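One file, target-v6.cif, carrying mmCIF, N, CA and C atoms:
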```
data_query
loop_
_atom_site.group_PDB
_atom_site.id
_atom_site.type_symbol
_atom_site.label_atom_id
_atom_site.label_comp_id
_atom_site.auth_asym_id
_atom_site.auth_seq_id
_atom_site.Cartn_x
_atom_site.Cartn_y
_atom_site.Cartn_z
ATOM 1 N N MET A 1 -17.452 0.800 4.308
ATOM 2 C CA MET A 1 -17.326 -0.323 3.390
ATOM 3 C C MET A 1 -15.893 -0.420 2.868
ATOM 4 N N LEU A 2 -15.312 0.708 2.487
ATOM 5 C CA LEU A 2 -13.938 0.706 2.003
ATOM 6 C C LEU A 2 -12.978 0.280 3.111
ATOM 7 N N PHE A 3 -13.285 0.738 4.328
ATOM 8 C CA PHE A 3 -12.441 0.379 5.470
ATOM 9 C C PHE A 3 -12.446 -1.135 5.692
ATOM 10 N N ASN A 4 -13.609 -1.770 5.575
ATOM 11 C CA ASN A 4 -13.694 -3.228 5.724
ATOM 12 C C ASN A 4 -12.928 -3.946 4.626
ATOM 13 N N PHE A 5 -12.959 -3.388 3.420
ATOM 14 C CA PHE A 5 -12.225 -3.970 2.302
ATOM 15 C C PHE A 5 -10.729 -3.926 2.557
ATOM 16 N N ILE A 6 -10.257 -2.783 3.063
ATOM 17 C CA ILE A 6 -8.828 -2.644 3.365
ATOM 18 C C ILE A 6 -8.433 -3.572 4.501
ATOM 19 N N LEU A 7 -9.259 -3.664 5.527
ATOM 20 C CA LEU A 7 -8.950 -4.550 6.655
ATOM 21 C C LEU A 7 -8.883 -6.011 6.233
ATOM 22 N N PHE A 8 -9.668 -6.381 5.242
ATOM 23 C CA PHE A 8 -9.633 -7.752 4.749
ATOM 24 C C PHE A 8 -8.244 -8.107 4.228
ATOM 25 N N PHE A 9 -7.619 -7.168 3.518
ATOM 26 C CA PHE A 9 -6.297 -7.418 2.968
ATOM 27 C C PHE A 9 -5.190 -7.263 4.003
ATOM 28 N N LEU A 10 -5.446 -6.536 5.063
ATOM 29 C CA LEU A 10 -4.436 -6.347 6.099
ATOM 30 C C LEU A 10 -4.378 -7.507 7.080
ATOM 31 N N GLN A 11 -5.249 -8.483 6.947
ATOM 32 C CA GLN A 11 -5.286 -9.603 7.873
ATOM 33 C C GLN A 11 -4.267 -10.680 7.538
ATOM 34 N N ILE A 12 -3.326 -10.385 6.684
ATOM 35 C CA ILE A 12 -2.246 -11.314 6.378
ATOM 36 C C ILE A 12 -1.411 -11.472 7.641
ATOM 37 N N ASP A 13 -1.064 -12.683 7.982
ATOM 38 C CA ASP A 13 -0.351 -12.941 9.231
ATOM 39 C C ASP A 13 1.151 -12.733 9.027
ATOM 40 N N ILE A 14 1.566 -11.481 9.130
ATOM 41 C CA ILE A 14 2.967 -11.121 8.912
ATOM 42 C C ILE A 14 3.847 -11.702 10.008
ATOM 43 N N GLU A 15 3.342 -11.683 11.248
ATOM 44 C CA GLU A 15 4.134 -12.188 12.365
ATOM 45 C C GLU A 15 4.471 -13.670 12.179
ATOM 46 N N GLU A 16 3.528 -14.425 11.670
ATOM 47 C CA GLU A 16 3.766 -15.855 11.447
ATOM 48 C C GLU A 16 4.818 -16.070 10.356
ATOM 49 N N LYS A 17 4.747 -15.276 9.302
ATOM 50 C CA LYS A 17 5.740 -15.400 8.229
ATOM 51 C C LYS A 17 7.132 -15.035 8.724
ATOM 52 N N ILE A 18 7.219 -13.984 9.530
ATOM 53 C CA ILE A 18 8.522 -13.560 10.041
ATOM 54 C C ILE A 18 9.066 -14.582 11.043
ATOM 55 N N LYS A 19 8.191 -15.155 11.842
ATOM 56 C CA LYS A 19 8.626 -16.151 12.828
ATOM 57 C C LYS A 19 9.205 -17.389 12.137
ATOM 58 N N ASN A 20 8.652 -17.760 11.002
ATOM 59 C CA ASN A 20 9.107 -18.951 10.277
ATOM 60 C C ASN A 20 10.131 -18.621 9.192
ATOM 61 N N ALA A 21 10.643 -17.395 9.196
ATOM 62 C CA ALA A 21 11.585 -16.963 8.156
ATOM 63 C C ALA A 21 12.924 -17.674 8.310
ATOM 64 N N PRO A 22 13.523 -18.090 7.191
ATOM 65 C CA PRO A 22 14.827 -18.767 7.268
ATOM 66 C C PRO A 22 15.981 -17.826 7.610
ATOM 67 N N ASP A 23 15.884 -16.541 7.218
ATOM 68 C CA ASP A 23 16.959 -15.594 7.531
ATOM 69 C C ASP A 23 16.412 -14.169 7.512
ATOM 70 N N LYS A 24 17.276 -13.199 7.801
ATOM 71 C CA LYS A 24 16.870 -11.786 7.884
ATOM 72 C C LYS A 24 16.426 -11.236 6.530
ATOM 73 N N ASN A 25 17.042 -11.688 5.452
ATOM 74 C CA ASN A 25 16.682 -11.182 4.127
ATOM 75 C C ASN A 25 15.225 -11.517 3.788
ATOM 76 N N TYR A 26 14.786 -12.688 4.187
ATOM 77 C CA TYR A 26 13.400 -13.082 3.944
ATOM 78 C C TYR A 26 12.452 -12.186 4.737
ATOM 79 N N GLU A 27 12.825 -11.867 5.980
ATOM 80 C CA GLU A 27 11.993 -10.994 6.803
ATOM 81 C C GLU A 27 11.849 -9.615 6.165
ATOM 82 N N ILE A 28 12.938 -9.080 5.669
ATOM 83 C CA ILE A 28 12.898 -7.775 5.013
ATOM 84 C C ILE A 28 12.012 -7.831 3.769
ATOM 85 N N GLY A 29 12.131 -8.894 3.016
ATOM 86 C CA GLY A 29 11.299 -9.060 1.819
ATOM 87 C C GLY A 29 9.821 -9.155 2.149
ATOM 88 N N VAL A 30 9.479 -9.822 3.241
ATOM 89 C CA VAL A 30 8.074 -9.927 3.651
ATOM 90 C C VAL A 30 7.528 -8.556 4.017
ATOM 91 N N VAL A 31 8.296 -7.787 4.758
ATOM 92 C CA VAL A 31 7.837 -6.458 5.168
ATOM 93 C C VAL A 31 7.680 -5.545 3.954
ATOM 94 N N ILE A 32 8.654 -5.535 3.083
ATOM 95 C CA ILE A 32 8.569 -4.696 1.881
ATOM 96 C C ILE A 32 7.406 -5.136 0.998
ATOM 97 N N GLY A 33 7.261 -6.416 0.795
ATOM 98 C CA GLY A 33 6.187 -6.927 -0.047
ATOM 99 C C GLY A 33 4.806 -6.698 0.528
ATOM 100 N N THR A 34 4.719 -6.548 1.838
ATOM 101 C CA THR A 34 3.430 -6.304 2.471
ATOM 102 C C THR A 34 3.013 -4.848 2.363
ATOM 103 N N TYR A 35 3.934 -3.933 2.572
ATOM 104 C CA TYR A 35 3.580 -2.520 2.610
ATOM 105 C C TYR A 35 3.742 -1.798 1.275
ATOM 106 N N LEU A 36 4.523 -2.301 0.376
ATOM 107 C CA LEU A 36 4.769 -1.625 -0.893
ATOM 108 C C LEU A 36 3.502 -1.400 -1.718
ATOM 109 N N PRO A 37 2.594 -2.363 -1.838
ATOM 110 C CA PRO A 37 1.385 -2.091 -2.630
ATOM 111 C C PRO A 37 0.563 -0.927 -2.086
ATOM 112 N N PHE A 38 0.473 -0.801 -0.762
ATOM 113 C CA PHE A 38 -0.300 0.286 -0.180
ATOM 114 C C PHE A 38 0.383 1.626 -0.397
ATOM 115 N N VAL A 39 1.692 1.653 -0.327
ATOM 116 C CA VAL A 39 2.433 2.887 -0.575
ATOM 117 C C VAL A 39 2.263 3.308 -2.034
ATOM 118 N N LEU A 40 2.334 2.365 -2.946
ATOM 119 C CA LEU A 40 2.160 2.690 -4.363
ATOM 120 C C LEU A 40 0.750 3.177 -4.668
ATOM 121 N N LEU A 41 -0.253 2.577 -4.051
ATOM 122 C CA LEU A 41 -1.622 3.034 -4.268
ATOM 123 C C LEU A 41 -1.831 4.441 -3.715
ATOM 124 N N ALA A 42 -1.254 4.738 -2.564
ATOM 125 C CA ALA A 42 -1.367 6.083 -1.990
ATOM 126 C C ALA A 42 -0.665 7.098 -2.892
ATOM 127 N N ALA A 43 0.500 6.747 -3.422
ATOM 128 C CA ALA A 43 1.217 7.652 -4.321
ATOM 129 C C ALA A 43 0.425 7.871 -5.609
ATOM 130 N N LEU A 44 -0.170 6.827 -6.140
ATOM 131 C CA LEU A 44 -0.990 6.957 -7.344
ATOM 132 C C LEU A 44 -2.205 7.841 -7.090
ATOM 133 N N ALA A 45 -2.851 7.659 -5.949
ATOM 134 C CA ALA A 45 -4.012 8.487 -5.611
ATOM 135 C C ALA A 45 -3.611 9.949 -5.488
ATOM 136 N N TYR A 46 -2.476 10.228 -4.873
ATOM 137 C CA TYR A 46 -2.026 11.613 -4.737
ATOM 138 C C TYR A 46 -1.696 12.206 -6.102
ATOM 139 N N PHE A 47 -1.063 11.433 -6.964
ATOM 140 C CA PHE A 47 -0.721 11.904 -8.305
ATOM 141 C C PHE A 47 -1.980 12.258 -9.094
ATOM 142 N N ILE A 48 -2.981 11.409 -9.033
ATOM 143 C CA ILE A 48 -4.234 11.675 -9.742
ATOM 144 C C ILE A 48 -4.917 12.910 -9.166
ATOM 145 N N TYR A 49 -4.914 13.040 -7.838
ATOM 146 C CA TYR A 49 -5.500 14.215 -7.193
ATOM 147 C C TYR A 49 -4.766 15.486 -7.624
ATOM 148 N N TYR A 50 -3.450 15.446 -7.628
ATOM 149 C CA TYR A 50 -2.645 16.610 -7.994
ATOM 150 C C TYR A 50 -2.911 17.021 -9.439
ATOM 151 N N LYS A 51 -2.962 16.060 -10.353
ATOM 152 C CA LYS A 51 -3.217 16.362 -11.763
ATOM 153 C C LYS A 51 -4.625 16.925 -11.954
ATOM 154 N N ALA A 52 -5.611 16.369 -11.257
ATOM 155 C CA ALA A 52 -6.984 16.856 -11.404
ATOM 156 C C ALA A 52 -7.131 18.255 -10.806
ATOM 157 N N LYS A 53 -6.410 18.527 -9.746
ATOM 158 C CA LYS A 53 -6.489 19.834 -9.091
ATOM 159 C C LYS A 53 -5.895 20.928 -9.976
ATOM 160 N N ASN A 54 -4.881 20.616 -10.737
ATOM 161 C CA ASN A 54 -4.174 21.610 -11.532
ATOM 162 C C ASN A 54 -4.577 21.633 -13.003
ATOM 163 N N ARG A 55 -5.726 21.074 -13.338
ATOM 164 C CA ARG A 55 -6.187 21.106 -14.732
ATOM 165 C C ARG A 55 -6.552 22.520 -15.123
ATOM 166 N N LYS A 56 -6.091 22.935 -16.275
ATOM 167 C CA LYS A 56 -6.349 24.299 -16.755
ATOM 168 C C LYS A 56 -7.709 24.415 -17.444
ATOM 169 N N ASP A 57 -8.218 23.336 -18.000
ATOM 170 C CA ASP A 57 -9.473 23.414 -18.745
ATOM 171 C C ASP A 57 -10.700 23.467 -17.844
ATOM 172 N N LEU A 58 -10.541 23.325 -16.533
ATOM 173 C CA LEU A 58 -11.688 23.370 -15.620
ATOM 174 C C LEU A 58 -11.786 24.689 -14.871
ATOM 175 N N GLU A 59 -10.995 25.694 -15.262
ATOM 176 C CA GLU A 59 -11.030 26.979 -14.577
ATOM 177 C C GLU A 59 -12.369 27.651 -14.808
ATOM 178 N N ASP A 60 -12.861 28.328 -13.757
ATOM 179 C CA ASP A 60 -14.160 29.025 -13.854
ATOM 180 C C ASP A 60 -14.011 30.359 -14.512
#
```

Can you give me the file's structure in the form of structure tokens?
Amino acid sequence: MLFNFILFFLQIDIEEKIKNAPDKNYEIGVVIGTYLPFVLLAALAYFIYYKAKNRKDLED
């Protein structure tokens, strides 16, 4: 189910945007704007995992 949710957002037609781009700067912006949210979410997930793993109050 999560995989289908992610695939729904990945169906953005990047190739079409790049093909119709007015210049190289726009192409770079499209690529960064497409992948940056996923990179930030992965970094946030790792940060939360790291903090939860190293909690001192949950020691047995």

Exercise. What does the distance between atom C of Ile6 in chain A and CA of Thr34 in chain A come to in Å, to one decimal place?
Worked result: 12.3 Å

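Going from atom C of Ile14 in chain A to CA of Val30 in chain A covers 7.8 Å.
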
Seminar exercise, completed: What separates atom C of Asp13 in chain A and atom C of Gly29 in chain A is a distance of 11.6 Å

Exercise. Just asking: which residues within chain A are helix (DSSP H, G or I) according to DSSP, as an NGL selection string?
Worked result: :A and (2-10 or 14-19 or 24-53)

Problem set entry | the PyMOL selection byres (((chain A and resi 17 and name CA) around 12) and name CA) applied to the shown file, residues as a ChimeraX atom specification | /A:12-16,18-24,26-31,33-34

Write out as JSON an axis-aligned box for range 3-6 of chain A: all of its atoms listed in the file, 8 Å added on each side, centre and edge lengths in Å with one decimal.
```
{"center_x": -11.1, "center_y": -1.6, "center_z": 4.0, "size_x": 21.3, "size_y": 20.7, "size_z": 19.4}
```
